[in-house]
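For reference, start.cif is printed below; it contains mmCIF, C-alpha atoms.
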```
data_target
loop_
_atom_site.group_PDB
_atom_site.id
_atom_site.type_symbol
_atom_site.label_atom_id
_atom_site.label_comp_id
_atom_site.auth_asym_id
_atom_site.auth_seq_id
_atom_site.Cartn_x
_atom_site.Cartn_y
_atom_site.Cartn_z
ATOM 1 C CA MET A 9 46.486 66.259 47.725
ATOM 2 C CA GLU A 10 43.223 65.958 45.786
ATOM 3 C CA ALA A 11 40.871 68.919 45.732
ATOM 4 C CA ILE A 12 37.408 68.488 47.142
ATOM 5 C CA GLU A 13 34.722 68.168 44.491
ATOM 6 C CA ASN A 14 31.561 70.125 45.136
ATOM 7 C CA LYS A 15 28.180 68.571 44.491
ATOM 8 C CA VAL A 16 26.764 71.433 42.492
ATOM 9 C CA VAL A 17 23.112 70.859 41.723
ATOM 10 C CA GLU A 18 22.626 71.874 38.085
ATOM 11 C CA PRO A 19 18.985 72.645 37.444
ATOM 12 C CA PRO A 20 17.576 70.511 34.681
ATOM 13 C CA SER A 21 15.652 72.409 32.011
ATOM 14 C CA GLU A 22 12.388 71.040 33.371
ATOM 15 C CA GLU A 23 12.908 73.303 36.376
ATOM 16 C CA SER A 24 12.172 76.457 34.420
ATOM 17 C CA ILE A 25 9.063 74.752 33.019
ATOM 18 C CA LEU A 26 7.937 73.982 36.564
ATOM 19 C CA VAL A 27 8.668 77.545 37.695
ATOM 20 C CA ASP A 28 6.695 78.982 34.763
ATOM 21 C CA ALA A 29 3.772 76.636 35.429
ATOM 22 C CA ALA A 30 3.788 77.470 39.154
ATOM 23 C CA ARG A 31 3.897 81.163 38.316
ATOM 24 C CA ALA A 32 0.798 80.635 36.176
ATOM 25 C CA GLY A 33 -0.934 79.160 39.229
ATOM 26 C CA ASP A 34 -0.241 75.433 38.836
ATOM 27 C CA ILE A 35 0.102 74.288 42.436
ATOM 28 C CA ARG A 36 1.118 70.729 41.427
ATOM 29 C CA ALA A 37 4.088 72.205 39.573
ATOM 30 C CA PHE A 38 5.022 74.159 42.683
ATOM 31 C CA GLU A 39 4.676 70.994 44.753
ATOM 32 C CA SER A 40 7.312 69.392 42.521
ATOM 33 C CA LEU A 41 9.650 72.278 43.332
ATOM 34 C CA VAL A 42 8.919 71.790 47.046
ATOM 35 C CA ARG A 43 9.807 68.087 46.754
ATOM 36 C CA ARG A 44 12.995 68.946 44.949
ATOM 37 C CA TYR A 45 14.355 71.375 47.525
ATOM 38 C CA ASP A 46 12.576 70.868 50.846
ATOM 39 C CA ARG A 47 15.351 68.719 52.325
ATOM 40 C CA ASN A 48 17.990 71.309 51.431
ATOM 41 C CA VAL A 49 15.936 74.170 52.851
ATOM 42 C CA PHE A 50 15.278 72.232 56.063
ATOM 43 C CA ARG A 51 18.990 71.487 56.504
ATOM 44 C CA ILE A 52 19.970 75.103 55.899
ATOM 45 C CA ALA A 53 17.248 76.347 58.259
ATOM 46 C CA GLN A 54 18.235 74.014 61.057
ATOM 47 C CA HIS A 55 21.913 74.828 60.667
ATOM 48 C CA ILE A 56 21.141 78.522 61.033
ATOM 49 C CA THR A 57 18.440 78.424 63.704
ATOM 50 C CA GLN A 58 19.760 75.374 65.576
ATOM 51 C CA ASN A 59 16.166 74.644 66.464
ATOM 52 C CA ARG A 60 13.924 72.014 64.918
ATOM 53 C CA GLU A 61 10.571 73.800 65.319
ATOM 54 C CA ASP A 62 12.025 76.991 63.891
ATOM 55 C CA ALA A 63 13.438 75.020 60.969
ATOM 56 C CA GLU A 64 9.990 73.531 60.260
ATOM 57 C CA ASP A 65 8.444 77.002 60.280
ATOM 58 C CA VAL A 66 11.198 78.378 58.072
ATOM 59 C CA VAL A 67 10.572 75.675 55.443
ATOM 60 C CA GLN A 68 6.847 76.463 55.369
ATOM 61 C CA ASP A 69 7.289 80.229 55.363
ATOM 62 C CA ALA A 70 10.073 80.211 52.792
ATOM 63 C CA PHE A 71 8.100 78.112 50.293
ATOM 64 C CA LEU A 72 4.940 80.125 50.837
ATOM 65 C CA LYS A 73 6.824 83.376 50.347
ATOM 66 C CA ALA A 74 8.450 81.949 47.219
ATOM 67 C CA TYR A 75 5.033 80.976 45.851
ATOM 68 C CA GLN A 76 3.565 84.382 46.640
ATOM 69 C CA ASN A 77 6.481 86.183 45.006
ATOM 70 C CA LEU A 78 7.116 83.969 41.981
ATOM 71 C CA GLY A 79 6.100 86.909 39.828
ATOM 72 C CA GLN A 80 9.186 88.755 41.035
ATOM 73 C CA PHE A 81 11.544 85.884 40.201
ATOM 74 C CA GLN A 82 13.262 87.055 37.058
ATOM 75 C CA GLY A 83 15.134 83.872 36.285
ATOM 76 C CA GLN A 84 18.480 85.686 36.313
ATOM 77 C CA SER A 85 19.660 83.410 39.110
ATOM 78 C CA LYS A 86 18.713 79.786 39.619
ATOM 79 C CA PHE A 87 15.374 79.218 41.332
ATOM 80 C CA TYR A 88 17.219 77.345 44.095
ATOM 81 C CA THR A 89 19.577 80.269 44.789
ATOM 82 C CA TRP A 90 16.585 82.613 44.951
ATOM 83 C CA LEU A 91 14.773 80.201 47.299
ATOM 84 C CA VAL A 92 17.851 79.886 49.522
ATOM 85 C CA ARG A 93 18.007 83.672 49.851
ATOM 86 C CA ILE A 94 14.397 83.703 51.094
ATOM 87 C CA ALA A 95 15.038 80.781 53.460
ATOM 88 C CA VAL A 96 18.205 82.322 54.930
ATOM 89 C CA ASN A 97 16.373 85.599 55.609
ATOM 90 C CA GLU A 98 13.511 83.738 57.284
ATOM 91 C CA ALA A 99 15.932 81.685 59.372
ATOM 92 C CA LEU A 100 17.898 84.739 60.500
ATOM 93 C CA MET A 101 14.636 86.460 61.433
ATOM 94 C CA ARG A 102 13.680 83.497 63.631
ATOM 95 C CA LEU A 103 17.124 83.514 65.209
ATOM 96 C CA ARG A 104 16.821 87.231 65.989
ATOM 97 C CA ARG A 105 13.483 86.594 67.658
ATOM 98 C CA ARG A 106 15.022 83.900 69.825
ATOM 99 C CA ARG A 107 18.073 85.961 70.651
ATOM 100 C CA PRO A 108 16.820 89.530 70.812
ATOM 101 C CA GLU A 109 19.696 90.414 73.085
ATOM 102 C CA ARG A 110 22.126 89.848 70.255
ATOM 103 C CA MET A 111 22.075 91.418 66.843
ATOM 104 C CA VAL A 112 22.171 88.616 64.306
ATOM 105 C CA SER A 113 23.138 89.607 60.794
ATOM 106 C CA ILE A 114 24.623 87.939 57.773
ATOM 107 C CA ASP A 115 26.768 91.032 57.335
ATOM 108 C CA GLU A 116 28.294 90.373 60.718
ATOM 109 C CA ASP A 117 32.005 89.956 60.161
ATOM 110 C CA VAL A 118 33.124 88.620 63.491
ATOM 111 C CA ARG A 119 36.822 88.950 63.922
ATOM 112 C CA THR A 120 38.279 87.442 67.005
ATOM 113 C CA GLU A 121 41.931 87.634 67.767
ATOM 114 C CA ASP A 122 43.842 85.468 65.320
ATOM 115 C CA ASP A 123 40.741 83.417 64.603
ATOM 116 C CA SER A 124 42.310 82.186 61.411
ATOM 117 C CA MET A 125 45.524 81.008 62.975
ATOM 118 C CA PRO A 126 45.502 77.353 63.961
ATOM 119 C CA ARG A 127 46.375 76.962 67.625
ATOM 120 C CA GLU A 128 46.544 73.206 67.875
ATOM 121 C CA ILE A 129 48.342 71.326 65.144
ATOM 122 C CA ALA A 130 47.547 67.675 65.651
ATOM 123 C CA ASP A 131 47.059 65.019 63.059
ATOM 124 C CA TRP A 132 43.775 63.130 63.203
ATOM 125 C CA SER A 133 43.195 59.428 63.517
ATOM 126 C CA PRO A 134 42.534 57.605 60.287
ATOM 127 C CA ASN A 135 38.766 57.743 59.570
ATOM 128 C CA PRO A 136 38.198 59.786 62.738
ATOM 129 C CA GLU A 137 34.427 59.788 62.369
ATOM 130 C CA GLN A 138 34.403 56.018 62.765
ATOM 131 C CA GLN A 139 35.473 56.327 66.394
ATOM 132 C CA TYR A 140 31.939 57.381 67.208
ATOM 133 C CA THR A 141 28.449 56.023 66.680
ATOM 134 C CA GLN A 142 26.250 57.868 64.198
ATOM 135 C CA ALA A 143 24.317 59.476 67.060
ATOM 136 C CA GLU A 144 27.498 60.548 68.884
ATOM 137 C CA LEU A 145 28.968 61.955 65.683
ATOM 138 C CA LYS A 146 25.843 63.967 64.887
ATOM 139 C CA ASP A 147 25.882 65.324 68.419
ATOM 140 C CA ILE A 148 29.552 66.352 68.116
ATOM 141 C CA LEU A 149 29.077 67.965 64.703
ATOM 142 C CA GLY A 150 25.891 69.744 65.774
ATOM 143 C CA LYS A 151 27.435 71.141 68.945
ATOM 144 C CA THR A 152 30.600 72.175 67.142
ATOM 145 C CA ILE A 153 28.928 74.113 64.338
ATOM 146 C CA GLN A 154 26.553 75.726 66.832
ATOM 147 C CA GLY A 155 29.576 77.464 68.336
ATOM 148 C CA LEU A 156 30.279 79.406 65.136
ATOM 149 C CA PRO A 157 28.784 82.875 64.590
ATOM 150 C CA PRO A 158 25.603 82.606 62.429
ATOM 151 C CA SER A 159 27.235 84.450 59.523
ATOM 152 C CA PHE A 160 30.067 81.899 59.432
ATOM 153 C CA ARG A 161 27.934 78.792 59.756
ATOM 154 C CA THR A 162 25.547 80.065 57.072
ATOM 155 C CA VAL A 163 28.372 80.464 54.571
ATOM 156 C CA PHE A 164 29.822 77.073 55.563
ATOM 157 C CA VAL A 165 26.529 75.226 55.188
ATOM 158 C CA LEU A 166 25.688 76.793 51.820
ATOM 159 C CA ARG A 167 29.147 76.335 50.394
ATOM 160 C CA ASP A 168 30.408 73.109 51.936
ATOM 161 C CA VAL A 169 27.310 71.154 52.935
ATOM 162 C CA GLU A 170 24.876 72.173 50.197
ATOM 163 C CA GLY A 171 27.529 72.554 47.508
ATOM 164 C CA LEU A 172 26.617 76.001 46.191
ATOM 165 C CA SER A 173 29.451 77.688 44.330
ATOM 166 C CA THR A 174 31.156 80.705 45.897
ATOM 167 C CA GLU A 175 29.309 82.970 43.430
ATOM 168 C CA GLU A 176 25.935 81.347 44.185
ATOM 169 C CA THR A 177 26.576 81.663 47.916
ATOM 170 C CA ALA A 178 27.466 85.325 47.449
ATOM 171 C CA SER A 179 24.295 85.874 45.419
ATOM 172 C CA ALA A 180 22.074 84.033 47.925
ATOM 173 C CA LEU A 181 23.497 86.015 50.853
ATOM 174 C CA GLU A 182 23.922 89.288 48.966
ATOM 175 C CA LEU A 183 27.582 89.348 49.941
ATOM 176 C CA SER A 184 30.652 89.968 47.826
ATOM 177 C CA VAL A 185 32.726 86.997 46.655
ATOM 178 C CA PRO A 186 35.748 88.083 48.807
ATOM 179 C CA ALA A 187 33.453 88.323 51.863
ATOM 180 C CA VAL A 188 32.188 84.776 51.246
ATOM 181 C CA LYS A 189 35.739 83.480 50.824
ATOM 182 C CA SER A 190 36.914 85.197 53.991
ATOM 183 C CA ARG A 191 34.052 83.826 56.103
ATOM 184 C CA LEU A 192 34.418 80.374 54.562
ATOM 185 C CA LEU A 193 38.117 80.162 55.388
ATOM 186 C CA ARG A 194 37.543 81.234 58.960
ATOM 187 C CA ALA A 195 34.541 78.915 59.374
ATOM 188 C CA ARG A 196 36.522 75.947 58.067
ATOM 189 C CA LEU A 197 39.533 76.685 60.267
ATOM 190 C CA GLN A 198 37.460 77.274 63.376
ATOM 191 C CA LEU A 199 35.518 74.042 62.878
ATOM 192 C CA ARG A 200 38.758 72.160 62.320
ATOM 193 C CA GLU A 201 40.196 73.607 65.523
ATOM 194 C CA ARG A 202 37.114 72.681 67.539
ATOM 195 C CA LEU A 203 36.952 69.143 66.133
ATOM 196 C CA ASN A 204 40.585 68.496 67.083
ATOM 197 C CA LYS A 205 39.699 67.400 70.571
ATOM 198 C CA TYR A 206 37.413 64.655 69.256
ATOM 199 C CA PHE A 207 39.396 63.465 66.264
ATOM 200 C CA LYS A 208 43.066 63.932 67.043
ATOM 201 C CA ARG A 209 45.340 60.940 66.935
ATOM 202 C CA ARG A 210 45.787 59.286 70.263
ATOM 203 C CA ASP A 211 48.641 57.096 71.492
ATOM 204 C CA GLY A 212 48.180 53.638 70.085
ATOM 205 C CA ASP A 213 46.486 54.761 66.845
ATOM 206 C CA THR A 214 48.144 53.181 63.856
ATOM 207 C CA LYS A 215 49.427 55.362 61.064
ATOM 208 C CA PRO A 216 47.313 55.181 57.888
ATOM 209 C CA MET B 23 56.200 81.138 51.173
ATOM 210 C CA LYS B 24 55.260 81.707 54.808
ATOM 211 C CA CYS B 25 52.672 79.599 56.637
ATOM 212 C CA SER B 26 50.379 82.641 56.950
ATOM 213 C CA ASP B 27 50.499 83.034 53.149
ATOM 214 C CA PHE B 28 49.642 79.381 52.761
ATOM 215 C CA LEU B 29 46.634 79.742 55.070
ATOM 216 C CA LYS B 30 45.299 82.700 53.095
ATOM 217 C CA GLU B 31 45.212 80.498 50.010
ATOM 218 C CA LEU B 32 43.903 77.385 51.736
ATOM 219 C CA THR B 33 40.264 77.802 50.704
ATOM 220 C CA ASP B 34 41.122 78.270 47.037
ATOM 221 C CA TYR B 35 43.549 75.366 47.231
ATOM 222 C CA LEU B 36 40.978 72.989 48.725
ATOM 223 C CA ASP B 37 38.395 74.117 46.169
ATOM 224 C CA ASN B 38 40.933 73.839 43.346
ATOM 225 C CA THR B 39 40.145 77.360 42.178
ATOM 226 C CA MET B 40 43.631 78.751 41.632
ATOM 227 C CA ASP B 41 46.122 79.094 38.844
ATOM 228 C CA SER B 42 48.649 76.310 38.343
ATOM 229 C CA HIS B 43 51.621 78.495 39.350
ATOM 230 C CA THR B 44 50.158 79.341 42.804
ATOM 231 C CA LYS B 45 49.078 75.729 43.231
ATOM 232 C CA ALA B 46 52.628 74.543 42.550
ATOM 233 C CA GLU B 47 53.983 77.034 45.115
ATOM 234 C CA LEU B 48 51.546 75.786 47.751
ATOM 235 C CA GLU B 49 52.381 72.177 47.039
ATOM 236 C CA GLU B 50 56.061 72.956 47.310
ATOM 237 C CA HIS B 51 55.369 74.496 50.741
ATOM 238 C CA LEU B 52 53.412 71.386 51.757
ATOM 239 C CA GLN B 53 56.424 69.217 50.890
ATOM 240 C CA TRP B 54 58.440 70.549 53.781
ATOM 241 C CA CYS B 55 55.953 72.189 56.200
ATOM 242 C CA HIS B 56 54.410 69.463 58.319
ATOM 243 C CA ASN B 57 52.162 71.878 60.236
ATOM 244 C CA CYS B 58 50.545 73.248 57.092
ATOM 245 C CA TYR B 59 50.221 69.719 55.746
ATOM 246 C CA VAL B 60 48.324 68.672 58.889
ATOM 247 C CA VAL B 61 46.120 71.786 58.877
ATOM 248 C CA CYS B 62 45.331 71.280 55.191
ATOM 249 C CA ASN B 63 44.541 67.594 55.661
ATOM 250 C CA THR B 64 42.377 68.052 58.750
ATOM 251 C CA THR B 65 40.504 71.007 57.217
ATOM 252 C CA LYS B 66 39.743 68.845 54.199
ATOM 253 C CA SER B 67 38.500 66.099 56.548
ATOM 254 C CA THR B 68 36.359 68.639 58.413
ATOM 255 C CA ILE B 69 34.557 69.568 55.192
ATOM 256 C CA GLU B 70 34.121 65.947 54.147
ATOM 257 C CA ILE B 71 32.813 64.846 57.544
ATOM 258 C CA TYR B 72 30.173 67.599 57.578
ATOM 259 C CA ARG B 73 29.247 66.948 53.960
ATOM 260 C CA ASP B 74 28.773 63.227 54.574
ATOM 261 C CA SER B 75 27.226 63.488 58.029
ATOM 262 C CA ARG B 76 23.572 63.694 56.933
ATOM 263 C CA LEU B 77 23.066 66.104 59.812
ATOM 264 C CA TYR B 78 19.509 67.438 60.048
ATOM 265 C CA GLU B 79 17.777 65.089 57.656
ATOM 266 C CA LEU B 80 14.081 65.725 57.135
ATOM 267 C CA PRO B 81 12.141 62.663 58.382
ATOM 268 C CA ASP B 82 9.438 61.360 56.012
ATOM 269 C CA GLU B 83 6.583 61.915 58.453
ATOM 270 C CA LEU B 84 7.555 65.527 59.058
ATOM 271 C CA ARG B 85 8.124 66.021 55.349
ATOM 272 C CA THR B 86 4.575 64.898 54.546
ATOM 273 C CA ARG B 87 3.162 67.207 57.213
ATOM 274 C CA ILE B 88 5.185 70.185 55.975
ATOM 275 C CA HIS B 89 4.133 69.504 52.361
ATOM 276 C CA SER B 90 0.437 69.452 53.253
ATOM 277 C CA ALA B 91 0.793 72.709 55.190
ATOM 278 C CA ILE B 92 2.666 74.441 52.353
ATOM 279 C CA ILE B 93 0.257 73.310 49.643
ATOM 280 C CA SER B 94 -2.819 74.216 51.666
ATOM 281 C CA LYS B 95 -1.387 77.716 52.346
ATOM 282 C CA CYS B 96 -0.565 78.129 48.649
ATOM 283 C CA GLU B 97 -4.126 77.110 47.720
ATOM 284 C CA CYS B 98 -5.515 79.685 50.184
ATOM 285 C CA HIS B 99 -3.248 82.327 48.670
ATOM 286 C CA LYS B 100 -4.368 81.372 45.143
ATOM 287 C CA LYS B 101 -8.052 81.682 46.171
ATOM 288 C CA ASP B 102 -7.405 85.056 47.845
ATOM 289 C CA VAL B 103 -5.654 86.349 44.727
ATOM 290 C CA ALA B 104 -8.473 85.058 42.487
ATOM 291 C CA ALA B 105 -11.131 86.632 44.749
ATOM 292 C CA ALA B 106 -9.266 89.960 44.819
ATOM 293 C CA SER B 107 -8.964 89.857 41.048
ATOM 294 C CA THR B 108 -12.735 89.199 40.647
ATOM 295 C CA VAL B 109 -13.570 92.154 42.912
ATOM 296 C CA LYS B 110 -11.177 94.361 40.935
ATOM 297 C CA THR B 111 -12.765 93.319 37.612
ATOM 298 C CA GLU B 112 -16.281 93.966 38.974
ATOM 299 C CA ASP B 113 -15.191 97.411 40.185
ATOM 300 C CA GLN B 114 -13.744 98.192 36.769
ATOM 301 C CA HIS B 115 -17.032 97.138 35.112
ATOM 302 C CA LYS B 116 -18.989 99.369 37.502
ATOM 303 C CA ASP B 117 -16.640 102.289 36.807
ATOM 304 C CA SER B 118 -16.902 101.867 33.033
ATOM 305 C CA SER B 119 -20.723 101.579 33.108
ATOM 306 C CA LYS B 120 -21.061 104.834 35.061
#
```
In structure tokens, how does this file's structure come out?
Amino acid sequence: MEAIENKVVEPPSEESILVDAARAGDIRAFESLVRRYDRNVFRIAQHITQNREDAEDVVQDAFLKAYQNLGQFQGQSKFYTWLVRIAVNEALMRLRRRRPERMVSIDEDVRTEDDSMPREIADWSPNPEQQYTQAELKDILGKTIQGLPPSFRTVFVLRDVEGLSTEETASALELSVPAVKSRLLRARLQLRERLNKYFKRRDGDTKP
Amino acid sequence: MKCSDFLKELTDYLDNTMDSHTKAELEEHLQWCHNCYVVCNTTKSTIEIYRDSRLYELPDELRTRIHSAIISKCECHKKDVAAASTVKTEDQHKDSSK
């Protein structure tokens, strides 16, 4: 079985030039950084908050905070990893405001009974996503990931959707590498389990 | 190898971040364990479906609006910082001329 290749975004050298220029007050340079990463930040924010207006606010607040604090960016991590850390914190803050009854933390290590053990072992139809329209599929995927604890879906979206490495994800979330790996495994297995009911092979499906 | 051992290694296996000896052991397990084969395959599909889904794309109109808001807030911040710096310099001049 082939391993999954991650789309790691390597920062071109011009990025550090842009960061330096923005730090010196060049707003056009900062605007280039916004254009480069706004889609990623929006996706991450909406995955965490599960709310479009909150995601919009998170994008604005995260970039503004990044601009205001560029002086503190040491360049030891990538600018994007640093930005993601700000965005994740903003998103979690919004989520806490919406759900004050529930403590929401990235440190939350939710352990349900045997949550890593697959319960239903069913093969999926070939190209299962093609059984649904784009709108239906987005609805299924959105609802399914919403069911995961925020700490799990944050790790999943950074690692598997945005393509950060395990180390970058750990750095962005200020977690250890083993903690990222543990949450990632459980997030992947729980999503797989929940998607079974939509994608499993039905009678009459042909074998690939 | 037990299925629970296989599951513990699944993330590293899918990410291809393991030594060749462990990888060979896992692949040997996959040869005969249909359940683990299915779990491995469907977990891989789960990741690929989410990665390719283009869930939560930022529409152009919203993107333009967000950009304008960010840049205008940054410009305000820049002016505030410049104004604060001018006041500080003037205060320093006053102090030194005393």
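When CA of Ile129 in chain A is paired with CA of Glu170 in chain A, their separation reads 27.8 Å.
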| query | Mind telling me what the PyMOL selection byres ((chain B and resi 23) around 8) catches here, as a PyMOL selection string? | reply | chain B and resi 24-25+27-28+47-48+51
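Residues within 7 Å of range 59-62 of chain B, counting only C-alpha atoms and excluding same-chain residues fewer than 3 positions away, are A:Ile129, A:Ala130, A:Asp131, B:Leu52, B:Cys55, B:His56, B:Thr65, B:Lys66.
This file gives the following result for the PyMOL selection byres ((chain A and resi 26) around 8): A:Glu22, A:Glu23, A:Ser24, A:Ile25, A:Val27, A:Asp28, A:Ala29, A:Ala30, A:Ala37, A:Phe38, A:Ser40, A:Leu41.
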- Task: Report the residues retrieved by the PyMOL selection byres ((chain B) within 8 of (chain A)) from the displayed file, expressed as a ChimeraX atom specification.
- Result: /B:26,30,32-33,35-38,57,60-61,64-66,68-69,71-73,75,77-80,85,88-89,91-93,95-97,99-100
The distance between CA of Gln154 in chain A and CA of Arg191 in chain A is 15.4 Å
*asked:* Please report the interatomic distance between CA of Ala32 in chain A and CA of Gly79 in chain A in Å with one decimal.
replied: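 Result for CA of Ala32 in chain A versus CA of Gly79 in chain A: 9.0 Å, one decimal.
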Between A:Tyr45, A:Tyr88, A:Phe160, A:Tyr206, which is the closest to Leu172 in chain A once you count all atoms listed in the file?
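Checking each candidate against Leu172 in chain A, we get A:Tyr88 as the closest.
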